[in-house]
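**Student:** Here it is, the structure in full.
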Amino acid sequence: MITVESLTKTYGGFTAVDDVSFSARAGRVTGFLGPNGAGKSTTMRMMVGLTSPTSGTATISGRSFADLPNPGLEVGVLLDASAQHAGRTGREILGIAQRTMGLPKGRVEEMLHKVSLTDAEAERRVKNYSLGMRQRLGIATALIGDPEVLILDEPANGLDPAGIRWMRDLLREYADKGGTVLLSSHLLHEIEVIADDLVVIGNGRIVAQGTKAELLAAAGTVVRADRALDLAAAIRGTGQTCNLDPDGTLRTEVDAAQVGRIALDAGVALTELRSADGAGLEEMFLELTAETQRETRTHTERTAA
Amino acid sequence: MSTAAATLERPARASHAAKRIEPIPMTRLIGVEISKMFDTRSGFWLMTSVGITATIATIATILFAPDDSLNYGNFAAAVGFPMSVILPMIAILSITSEWSQRSGLTTFTLVPHRGRVISAKLAATLIAGAASIALAFAVGAVGNVVGSAIAGVDTSWNIPLGDAGLIFLADALGMLMGFTIGVLVRSSAGAIVGYFVYALVLPAAFGTLASFKDWFADRQGWFDFQFSSTRLYDGDLAKSDWAHLAVSGSYWLVIPLVVGLWLALRSEVK
């Protein structure tokens, strides 16, 4: 269980993290989502004491990180897989963590096996590692103390699709056993497939949080019809809003069952009717973070696959 | 009631419940820091170079020194000089690599008390320094025996134990200076340049000043820490030499070290 209360970090006049509060619960994967520079990493660094907050607190199972007697055994942290001495081998880096935590030597081999780094790879210096291999090593370092809480900053960066799948299964299993997982990403799809709860941050502030189901439910319905304009008019006629994309897709807050009835009354044949789901979440993510996006948003065209 | 509620919440985390967590002992941290000095290629060669340079210096003394100079004092002086360059580098890199190589992100997360990590590094540095000096003196001693045998002169052990202690103190102060510049600058390249400015450029500047201004030449010991600490290599220090060392050391070493530690404890680790 991670509890963050009113965390704020200012640099001179710039507020990088602005009154951020949320909690990551045991047994669940909490996704920390936001565009680049939104304040995710700064928030995570404050949780583990690498950056001192201007105000606010972060606690792990009720205690501040600095009060943990041997933090590696309680919290697994991966903030930046590339932040390792390039001249050490993978095995040496794991060995340092194992010795610092006071674990038996055998844990190093177990972890190398767990993250699928071969013996030959473990003997190579980290400067020769691909980003994906560094991420695996970083995950191994985070897991070596068998902690109850994991804090991972962009752990899927640089992993190939099979690697992403592997990590997803690993974290799922970890949470199912009662662990707490907080992972950040700027990629919605990555988070969407694994997270149970979502915390969305933009410009240093939390813009949305809740369970994935709640956030998805709020995202509405996607509908296509042969006479889309008539259907749009019918939906608007009930006092609800709806948007018509140029490709003929309608999006509305009205739930699918009601859209079906409206279409029936209007005599419009539907060709597709579904909850907006992931697509809706992406829409929400882009909307919520629109002000903080570096790119001015032109149009979100998507094939309604 | 409450028991039932507790059991309802517990089962998933039962495996963790049995874990008893002890604080990390300081001895373990020192051990880890010592191994971190050796396990990188640069660290390995730096430590190995202690042995290599001591051997080269000893061989050079045997080859080039006149027979009547083949005594332990000269061997110790020959092996001592490379130590005074290498040891501060070891001290610097032990600190700065955490920032320059960014491994501090892991180090200071596993031990969220930077003061403990830095103390462990200081202890590890001094232990490595003591071991290096002992090794260098041992190489010098072998050279002394071998050299005098080759030259056919009597083996002469002409340094009193007290002087060996002073040489060790001088080297330790050099390491502390490196350590201080390390915590102040927290960047490997910057700190190494900073150390050489201190060790090579400043003495030349102070020397020039002393040769033109008599008032400075008379008081150089009070201002120039390098000047007052090199007196340690000569042995037999007067009371005034110790006073020079203490006063110049306070503002060249102690105050910068305090400022550096203050900065290192507070700086953001990115």
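Identifiers in this document derive from the order of the structure tokens: chains are assigned A, B, ..., residues are numbered from 1 separately in each chain, and ligands are numbered from 1 in order of occurrence.
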Could you list the residues in chain A lying within 8 Å of chain B, using only C-alpha atoms, and format the result as JSON, numbers by chain?
**Tutor:** {"A": [48, 49, 50, 51, 52, 65, 66, 69, 70, 71, 72, 73, 77, 78, 79, 80, 83, 84, 85, 86, 87, 88, 92, 96, 97, 99, 100, 101, 102, 148, 177, 178, 179]}
**Student:** Find the spatial neighbours of segment 243-250 of chain A, counting only C-alpha atoms, within a cut-off of 6 Å - ignore same-chain residues fewer than 6 positions away - and output them as a list in words.
**Tutor:**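 Surrounding residues, per the criterion: Val222, Val223 and Arg224 of chain A.
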**Student:** Output N, CA, C and O atoms of each residue in that selection to a file, as a short mmCIF file (atom, residue, chain, number, x, y, z; two decimals), in the first residue's frame.
**Tutor:**
```
data_model
loop_
_atom_site.label_atom_id
_atom_site.label_comp_id
_atom_site.auth_asym_id
_atom_site.auth_seq_id
_atom_site.Cartn_x
_atom_site.Cartn_y
_atom_site.Cartn_z
N VAL A 222 -19.36 3.95 -28.60
CA VAL A 222 -18.99 4.22 -29.99
C VAL A 222 -20.04 3.53 -30.87
O VAL A 222 -20.37 2.37 -30.64
N VAL A 223 -20.55 4.25 -31.84
CA VAL A 223 -21.60 3.65 -32.67
C VAL A 223 -21.41 4.07 -34.11
O VAL A 223 -20.98 5.18 -34.41
N ARG A 224 -21.68 3.12 -35.01
CA ARG A 224 -21.67 3.43 -36.44
C ARG A 224 -23.01 2.99 -37.01
O ARG A 224 -23.59 2.00 -36.59
#
```
**Student:** Would you list the contacts of Phe196 of chain B as a PyMOL selection string, taking every protein, DNA or RNA residue within 12 Å and counting only C-alpha atoms, but skipping same-chain residues closer than 4 positions in sequence?
**Tutor:** chain B and resi 84-86+88-89+92+174+177-178+181+189-192+200-204+226
**Student:** Extract the full set of alpha helix (DSSP H) residues from segment 57-217 of chain B according to DSSP on the backbone, and format it as a ChimeraX atom specification.
**Tutor:** /B:57-64,72-100,104-110,114-151,161-185,188-196,202-212,214-217
**Student:** With only C-alpha atoms as the atoms that count, which of A:Leu216, A:Val254, A:Ala266, A:Val199 lies nearest to Ser184 of chain A?
**Tutor:** A:Val199
**Student:** Residues at most 10 Å from Gly162 of chain B, counting only C-alpha atoms, excluding those fewer than 4 positions away in the same chain, as a PyMOL selection string?
**Tutor:** chain B and resi 166-168+235-236
**Student:** Within 8 Å of Ile60 of chain A, counting only C-alpha atoms, which residues qualify if same-chain residues fewer than 5 places away don't, as a PyMOL selection string?
**Tutor:** chain A and resi 1-3+65+149
**Student:** When you look at Trp242 of chain B with a cut-off of 10 Å (counting only C-alpha atoms), what residues show up, excluding the ones that are within fewer than 5 positions of it in the same chain? I need them as a ChimeraX atom specification.
**Tutor:** /B:221,228-229,231-232,237,247-248
**Student:** Could those selected residues go to a file with all heavy atoms, as an mmCIF file, in the first residue's frame?
**Tutor:**
```
data_model
loop_
_atom_site.group_PDB
_atom_site.id
_atom_site.type_symbol
_atom_site.label_atom_id
_atom_site.label_comp_id
_atom_site.auth_asym_id
_atom_site.auth_seq_id
_atom_site.Cartn_x
_atom_site.Cartn_y
_atom_site.Cartn_z
ATOM 1 N N GLY B 221 52.866 28.332 5.430
ATOM 2 C CA GLY B 221 52.321 27.173 6.132
ATOM 3 C C GLY B 221 50.908 27.404 6.659
ATOM 4 O O GLY B 221 50.103 26.481 6.745
ATOM 5 N N SER B 228 51.850 22.624 3.910
ATOM 6 C CA SER B 228 52.026 22.166 5.292
ATOM 7 C C SER B 228 51.881 20.651 5.406
ATOM 8 O O SER B 228 52.465 20.042 6.302
ATOM 9 C CB SER B 228 51.062 22.899 6.235
ATOM 10 O OG SER B 228 49.757 22.863 5.745
ATOM 11 N N SER B 229 51.103 20.029 4.490
ATOM 12 C CA SER B 229 50.977 18.574 4.622
ATOM 13 C C SER B 229 52.157 17.834 3.980
ATOM 14 O O SER B 229 52.458 16.719 4.384
ATOM 15 C CB SER B 229 49.637 18.090 4.069
ATOM 16 O OG SER B 229 49.487 18.443 2.727
ATOM 17 N N ARG B 231 55.103 18.552 4.470
ATOM 18 C CA ARG B 231 56.095 18.482 5.551
ATOM 19 C C ARG B 231 56.052 17.107 6.232
ATOM 20 O O ARG B 231 57.056 16.647 6.768
ATOM 21 C CB ARG B 231 55.825 19.580 6.594
ATOM 22 C CG ARG B 231 56.217 20.966 6.187
ATOM 23 C CD ARG B 231 57.740 21.192 6.253
ATOM 24 N NE ARG B 231 58.265 21.037 7.621
ATOM 25 C CZ ARG B 231 59.079 20.064 8.006
ATOM 26 N NH1 ARG B 231 59.471 19.165 7.148
ATOM 27 N NH2 ARG B 231 59.515 20.002 9.241
ATOM 28 N N LEU B 232 54.871 16.460 6.189
ATOM 29 C CA LEU B 232 54.725 15.165 6.843
ATOM 30 C C LEU B 232 55.662 14.117 6.238
ATOM 31 O O LEU B 232 56.124 13.217 6.927
ATOM 32 C CB LEU B 232 53.275 14.667 6.743
ATOM 33 C CG LEU B 232 52.235 15.418 7.581
ATOM 34 C CD1 LEU B 232 50.837 15.021 7.152
ATOM 35 C CD2 LEU B 232 52.435 15.110 9.061
ATOM 36 N N LEU B 237 58.332 16.741 12.726
ATOM 37 C CA LEU B 237 57.617 18.014 12.642
ATOM 38 C C LEU B 237 57.727 18.814 13.936
ATOM 39 O O LEU B 237 57.611 18.246 15.025
ATOM 40 C CB LEU B 237 56.126 17.788 12.331
ATOM 41 C CG LEU B 237 55.787 17.642 10.851
ATOM 42 C CD1 LEU B 237 56.189 16.287 10.349
ATOM 43 C CD2 LEU B 237 54.307 17.889 10.633
ATOM 44 N N VAL B 247 45.616 24.579 11.049
ATOM 45 C CA VAL B 247 44.934 25.809 10.627
ATOM 46 C C VAL B 247 44.621 25.775 9.130
ATOM 47 O O VAL B 247 43.477 25.987 8.706
ATOM 48 C CB VAL B 247 45.786 27.053 10.984
ATOM 49 C CG1 VAL B 247 45.181 28.292 10.350
ATOM 50 C CG2 VAL B 247 45.867 27.203 12.493
ATOM 51 N N SER B 248 45.639 25.456 8.318
ATOM 52 C CA SER B 248 45.375 25.452 6.870
ATOM 53 C C SER B 248 44.388 24.331 6.524
ATOM 54 O O SER B 248 43.537 24.486 5.647
ATOM 55 C CB SER B 248 46.680 25.308 6.087
ATOM 56 O OG SER B 248 47.338 24.109 6.442
#
```
**Student:** Excluding Val200 of chain A and residues on its chain fewer than 3 positions from it, collect all residues at most 12 Å away from it, counting only C-alpha atoms, and give them as a short mmCIF file (atom, residue, chain, number, x, y, z; two decimals) with C-alpha atoms, in the first residue's frame.
**Tutor:**
```cif
data_model
loop_
_atom_site.label_atom_id
_atom_site.label_comp_id
_atom_site.auth_asym_id
_atom_site.auth_seq_id
_atom_site.Cartn_x
_atom_site.Cartn_y
_atom_site.Cartn_z
CA VAL A 20 -0.73 15.16 -5.84
CA SER A 21 -2.69 12.70 -3.68
CA PHE A 22 -3.51 9.08 -4.46
CA THR A 30 -1.96 0.94 -10.25
CA GLY A 31 -1.05 2.66 -13.49
CA PHE A 32 0.48 6.12 -13.24
CA LEU A 33 -0.22 7.67 -16.59
CA GLY A 34 0.80 10.98 -18.05
CA PRO A 35 2.59 12.60 -20.98
CA ALA A 38 3.94 15.58 -16.44
CA GLY A 39 5.68 14.97 -13.11
CA LYS A 40 5.51 11.16 -12.89
CA LEU A 183 3.97 1.56 -12.58
CA SER A 184 4.19 4.64 -14.71
CA SER A 185 3.98 5.04 -18.42
CA HIS A 186 3.31 7.67 -21.01
CA LEU A 187 1.82 5.00 -23.25
CA LEU A 188 -1.82 4.40 -22.62
CA ILE A 191 -1.04 0.66 -18.91
CA GLU A 192 -4.51 -0.19 -20.08
CA ALA A 195 -3.62 -1.74 -14.60
CA ASP A 197 -6.51 1.36 -11.11
CA ASN A 203 1.14 19.32 -15.85
CA GLY A 204 1.97 18.16 -12.34
CA ARG A 205 -1.64 17.74 -11.32
CA ILE A 206 -3.84 14.69 -11.08
CA VAL A 207 -6.51 15.01 -13.71
CA ALA A 208 -8.34 11.73 -13.17
CA GLN A 209 -8.14 8.70 -10.96
CA GLY A 210 -10.21 5.64 -10.26
CA THR A 211 -10.53 2.02 -11.23
CA LYS A 212 -10.03 1.25 -14.88
CA LEU A 215 -12.84 5.38 -16.07
CA LEU A 281 -9.79 5.90 -22.50
CA GLU A 282 -7.38 7.18 -25.09
CA MET A 284 -10.02 10.76 -22.31
CA PHE A 285 -6.26 10.70 -21.89
CA LEU A 286 -5.76 13.03 -24.81
CA GLU A 287 -8.52 15.33 -23.63
CA LEU A 288 -7.38 15.40 -20.05
CA THR A 289 -3.86 16.12 -21.00
#
```
**Student:** I need the residues of segment 132-189 of chain A that end up classed as strand (DSSP E or B) by DSSP on the backbone, written out as a list in words.
**Tutor:**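 Those residues are Val149, Leu150, Ile151, Leu152, Asp153, Thr180, Val181, Leu182, Leu183, Ser184 and Ser185 of chain A.
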**Student:** Next, write the just-selected residues to a file, as a compact mmCIF listing (two decimals), in the first residue's frame, keeping N, CA, C and O atoms as the atom set.
**Tutor:**
```
# COMPACT_ATOMS: atom_id res chain seq x y z
N VAL A 149 5.91 -4.28 -2.17
CA VAL A 149 5.53 -3.10 -2.96
C VAL A 149 6.53 -2.92 -4.09
O VAL A 149 7.73 -3.08 -3.88
N LEU A 150 6.02 -2.63 -5.28
CA LEU A 150 6.90 -2.35 -6.41
C LEU A 150 6.61 -0.95 -6.94
O LEU A 150 5.45 -0.57 -7.12
N ILE A 151 7.66 -0.17 -7.17
CA ILE A 151 7.52 1.14 -7.78
C ILE A 151 8.38 1.14 -9.04
O ILE A 151 9.61 1.05 -8.95
N LEU A 152 7.75 1.18 -10.19
CA LEU A 152 8.48 1.03 -11.45
C LEU A 152 8.18 2.21 -12.37
O LEU A 152 7.02 2.49 -12.67
N ASP A 153 9.23 2.89 -12.80
CA ASP A 153 9.05 4.03 -13.69
C ASP A 153 9.32 3.59 -15.13
O ASP A 153 10.45 3.24 -15.45
N THR A 180 1.62 -4.86 -4.01
CA THR A 180 1.19 -3.56 -4.51
C THR A 180 2.11 -3.19 -5.67
O THR A 180 3.32 -3.24 -5.51
N VAL A 181 1.55 -2.83 -6.80
CA VAL A 181 2.37 -2.44 -7.94
C VAL A 181 1.96 -1.04 -8.40
O VAL A 181 0.80 -0.79 -8.68
N LEU A 182 2.93 -0.16 -8.45
CA LEU A 182 2.70 1.16 -9.05
C LEU A 182 3.64 1.25 -10.24
O LEU A 182 4.85 1.13 -10.08
N LEU A 183 3.09 1.40 -11.44
CA LEU A 183 3.97 1.56 -12.58
C LEU A 183 3.53 2.74 -13.41
O LEU A 183 2.34 3.02 -13.55
N SER A 184 4.52 3.45 -13.93
CA SER A 184 4.19 4.64 -14.71
C SER A 184 4.41 4.34 -16.18
O SER A 184 5.14 3.43 -16.54
N SER A 185 3.75 5.13 -16.99
CA SER A 185 3.98 5.04 -18.42
C SER A 185 3.40 6.28 -19.07
O SER A 185 2.51 6.92 -18.53
```
